[in-house]
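J.: Input: one structure, supplied below.
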Amino acid sequence: MKKTQKRPLLGWAAWIWIAGASLAFLWQFRRHMETALNLLGLA
Amino acid sequence: MTLALASLFLMMTAALGLGTAILKGLGLLPLMRTGERLPMAFAVGFCGIGVIWFPLFQALGPNVPLHAGCLVLCACGLFGVKTGGKGPAPAGRGWMLTALAIAVLLIAFGLDLAEAIVPPSDADSTSYHFVLPKRFWEAGVITFEPIAVNAAIPLLVHMTYLPAYGLGGELGLTLWCGTVGWMVAWLFYALARRHLERGPALVATALLATTPAVIYGAGTGQVEVKSILFTLPLVLALPGALRAQSPRDALAWALLAGFLAGGFAASKYTGLFWVAAAGTVITLGRPLPLSLAAGRAIAFGLGALVSGATWYAWNYVHTGDPLFPSLYGLLPYLPETHWNDFLAAGLEERLIAPGGAVPRTLWGLIGYPLIILLSSPGPNDAGRTGLGPVMWLALPWLIAGFWIFRDRIVRHPLLPALVAALLFYGLWYNLGIQQKVRHFLALYPIGLLVVAVLITRLSIRPALAATKPALFGGLLFALTAQLAAHGLITLGPIRYLFGTLDRESYLETVVPQFGLVDRLNKDLDVNDRVIFDVRPIRYFLERPQLYADPDFQGRLLLSAKAPEDTDLFLNQARAAGATHVLVEWPIIADNFEHKESRLVRLLLGADPACFGPGTETVVRDLGSRTESLAGRYSPFTYYLYAFRWDHCRPGAKDDGNP
């Protein structure tokens, strides 16, 4: 068995980090997203 | 348009030619790879033009043919460049990363091009970055203005704006600024190729080109992005000096490193930290033999003096302080500087005391990069000019990479530049005036390059292969978020280019208080001189002006720390040749509710006969050049009064309205 196949948890952990870190980043810049939605006429 | 393009072509070839000639003269060209030569030459030539054009302009004045001739002369350095390379760059394999990066780069380039061909709207650029070269060219001479922060600063980068503006006008200037931003990206890619395959190198370049602080400043007159040309080449120069096979090469690399570091110091006071950091690494990075270490230090110092000393000498001659106004109280000032205790205290309160959101402690030093990312907005401007999510998303891989490769890192050729960048960070964090994120931007590409190399090496390790899809997902998120921000900030220029707005209407929507420009240009004569403190319109105003910032200048004493003295102010205004004054409140005896305006209070204390009748103008007060497009602005009224000096009696204050 390949070493990579032995570590599916590591792969999931990486995805959870990326998702959480991305959301945290977006939350910080929500004001800019509001501006963007306003500018695009979507708000 | 033709003149602007011709000017851009001349500027580009001149920078490339001058840089090539310098590198050839130092014997360093054959030590570089083919792909590195032209971008490295551009960085060196950009610095060289900045150094040369100060004395050149003082000697030639605003003579277009002579300036064009000098640029052609510089461009001649391009003749005889050999294309033979030294060692191949790592070959490319996968096409996916390459295609993704090229797509992002093409979009980013299109957006930057849009920004480069519309009238300038960045507040700092229209307040002073573009004002200074325009005024110098119009006056035919570079003069010293004792205005801290906005005029009496190191001006090497602005010296490159002089011929760009003189030959190509406003469009020539904005095109030059936009192009220099892309030369930074080219330089980054060329240096990344030494360590990375084509795909990862292009992706790292795309991440840099769309970094929020880069898109904020690259196409404007701001110097942070341009300063990368003075820091990034040291990725080659520092290991070159420390690991050269011959003492001659070591000294040549050290001289080049010093020349570029001095260029940074001559462009921004924080560049002095870079001189200190890179100088320390080049001297102590390989201490033995002692004679060679001393030789490297001397060569570095000489290079830094050649490029960096001019503006500090210029400040010293005109004020008595080479770091005006930082050393006030320590050095004797010349009387014509008009600097005093009130201004020093006001500047301290406005710029220095607020510092940043993070305390200057050891934990603050370590946590700053994370805190600014997750606690914006703050006084450090991270909310709009930050460094993007790359480092944050990559954090676990970075920690793992530094641990796994700990033995290889100490021998890696990127280490000297990384150590110098960290030293700079420590100095800047503890001693710098402000903790604005973009002030660290010049060193960010070195960190990004190290991260790109580390993660690329890590991602091919079988033990971590399971994390590769998530890493790719994070990359897609970072590129998408940054590109979206890029699109957002360029929405104004795009609407202008593809819409029906004319120049004035467009500028009214993106430049705060722009409505004043037309009024002042119409109402005032070329012999008039208006006192005002509306920063963003300075570039557009075609009439003589007295910029009356309360904390940056003392020619018109408006400091909140000084006692209010109407007679002193009127005497100063008259001596400075003021004919008009622009204020944000009407000067009428009963408007004391507006007591927060010191200028209005001073004028209210004067004899009403000193002023003619006021005229009012309603303008838009914008919070940001992007947010204003969403309709976020408020109307604001300004009042223009003419001084009637013949009727003005000192100390005579009657009741009644002007």
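Naming scheme: A, B, ... for chains in displayed order of the structure tokens; residues 1 onward per chain; ligands 1 onward as shown.
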Quick one: residues within 8 Å of Phe532 (chain B), only C-alpha atoms, excluding same-chain residues fewer than 3 positions away - as a PyMOL selection string?
T.: chain B and resi 545-548+581-583
J.: Return as an MDAnalysis selection string the full set of residues in chain A whose backbone-based DSSP assignment is alpha helix (DSSP H).
T.: chainID A and resid 8:28 30:39
J.: Could you state the separation of CA of Tyr368 (chain B) and CA of Ala213 (chain B) in Å, given to one decimal place?
T.: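 Computed distance, CA of Tyr368 (chain B) to CA of Ala213 (chain B), equals 16.4 Å.
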J.: For a quick check of understanding, using only C-alpha atoms, which of B:Leu187, B:Leu393, B:Trp274, B:Phe144 has the smallest distance to Arg37 (chain B)?
T.: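 Using only C-alpha atoms, Arg37 (chain B) sits closest to B:Leu187.
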J.: Hey, what's within 9 Å of Pro8 (chain A) if we count only C-alpha atoms and toss same-chain stuff fewer than 5 positions away? As a ChimeraX atom specification, please?
T.: /A:13 /B:466-467
J.: Using only C-alpha atoms, what does the table of chain A residues within 8 Å of chain B look like, with each row giving the shortest atom pair and its distance in Å to one decimal, sorted by chain and ascending number, as CSV?
T.:
residue,atom,partner,partner_atom,distance
A:Lys3,CA,B:Ala463,CA,6.2
A:Thr4,CA,B:Ala466,CA,5.6
A:Gln5,CA,B:Ala466,CA,7.6
A:Arg7,CA,B:Ala466,CA,6.6
A:Pro8,CA,B:Ala466,CA,6.5
A:Leu10,CA,B:Ala466,CA,6.4
A:Gly11,CA,B:Thr467,CA,4.5
A:Trp12,CA,B:Thr467,CA,7.8
A:Ala14,CA,B:Thr467,CA,5.6
A:Trp15,CA,B:Ala470,CA,4.9
A:Trp17,CA,B:Leu393,CA,7.8
A:Ile18,CA,B:Gly474,CA,5.7
A:Ala21,CA,B:Leu393,CA,6.1
A:Ser22,CA,B:Leu393,CA,7.2
A:Ala24,CA,B:Leu374,CA,7.6
A:Phe25,CA,B:Pro389,CA,6.9
A:Gln28,CA,B:Leu374,CA,6.2
A:Phe29,CA,B:Gly383,CA,7.0
A:Thr35,CA,B:Glu627,CA,6.3
A:Ala36,CA,B:Leu488,CA,6.5
A:Asn38,CA,B:Ala630,CA,5.9
A:Leu39,CA,B:Ala630,CA,5.1
J.: Can you measure CA of Ile107 (chain B) to CA of Thr174 (chain B) for me? One decimal in Å is fine.
T.: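 Going from CA of Ile107 (chain B) over to CA of Thr174 (chain B) covers 19.0 Å.
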J.: So which residues touch Val81 (chain B) within 10 Å, counting only C-alpha atoms, skipping near sequence neighbours fewer than 4 positions away, as a list of chain:residue names?
T.: B:Gly17, B:Thr20, B:Ala21, B:Lys24, B:Leu29, B:Arg37, B:Leu38, B:Gly77
J.: Filtering to C-alpha atoms, could you give me those residues as a PDB file, in the first residue's frame?
T.:
ATOM      1  CA  GLY B  17      20.316  49.757 -20.978  1.00  0.00           C
ATOM      2  CA  THR B  20      22.915  46.296 -18.312  1.00  0.00           C
ATOM      3  CA  ALA B  21      25.854  48.684 -18.565  1.00  0.00           C
ATOM      4  CA  LYS B  24      28.466  44.578 -17.325  1.00  0.00           C
ATOM      5  CA  LEU B  29      26.237  39.749 -16.146  1.00  0.00           C
ATOM      6  CA  ARG B  37      19.667  39.398 -16.913  1.00  0.00           C
ATOM      7  CA  LEU B  38      17.078  41.805 -18.273  1.00  0.00           C
ATOM      8  CA  GLY B  77      23.891  49.989 -22.801  1.00  0.00           C
TER       9      GLY B  77
END
J.: Grab the CA of Glu508 (chain B) to CA of Glu542 (chain B) distance for me, in Å with one decimal place.
T.: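 Rounded to one decimal, the two atoms are 16.5 Å apart.
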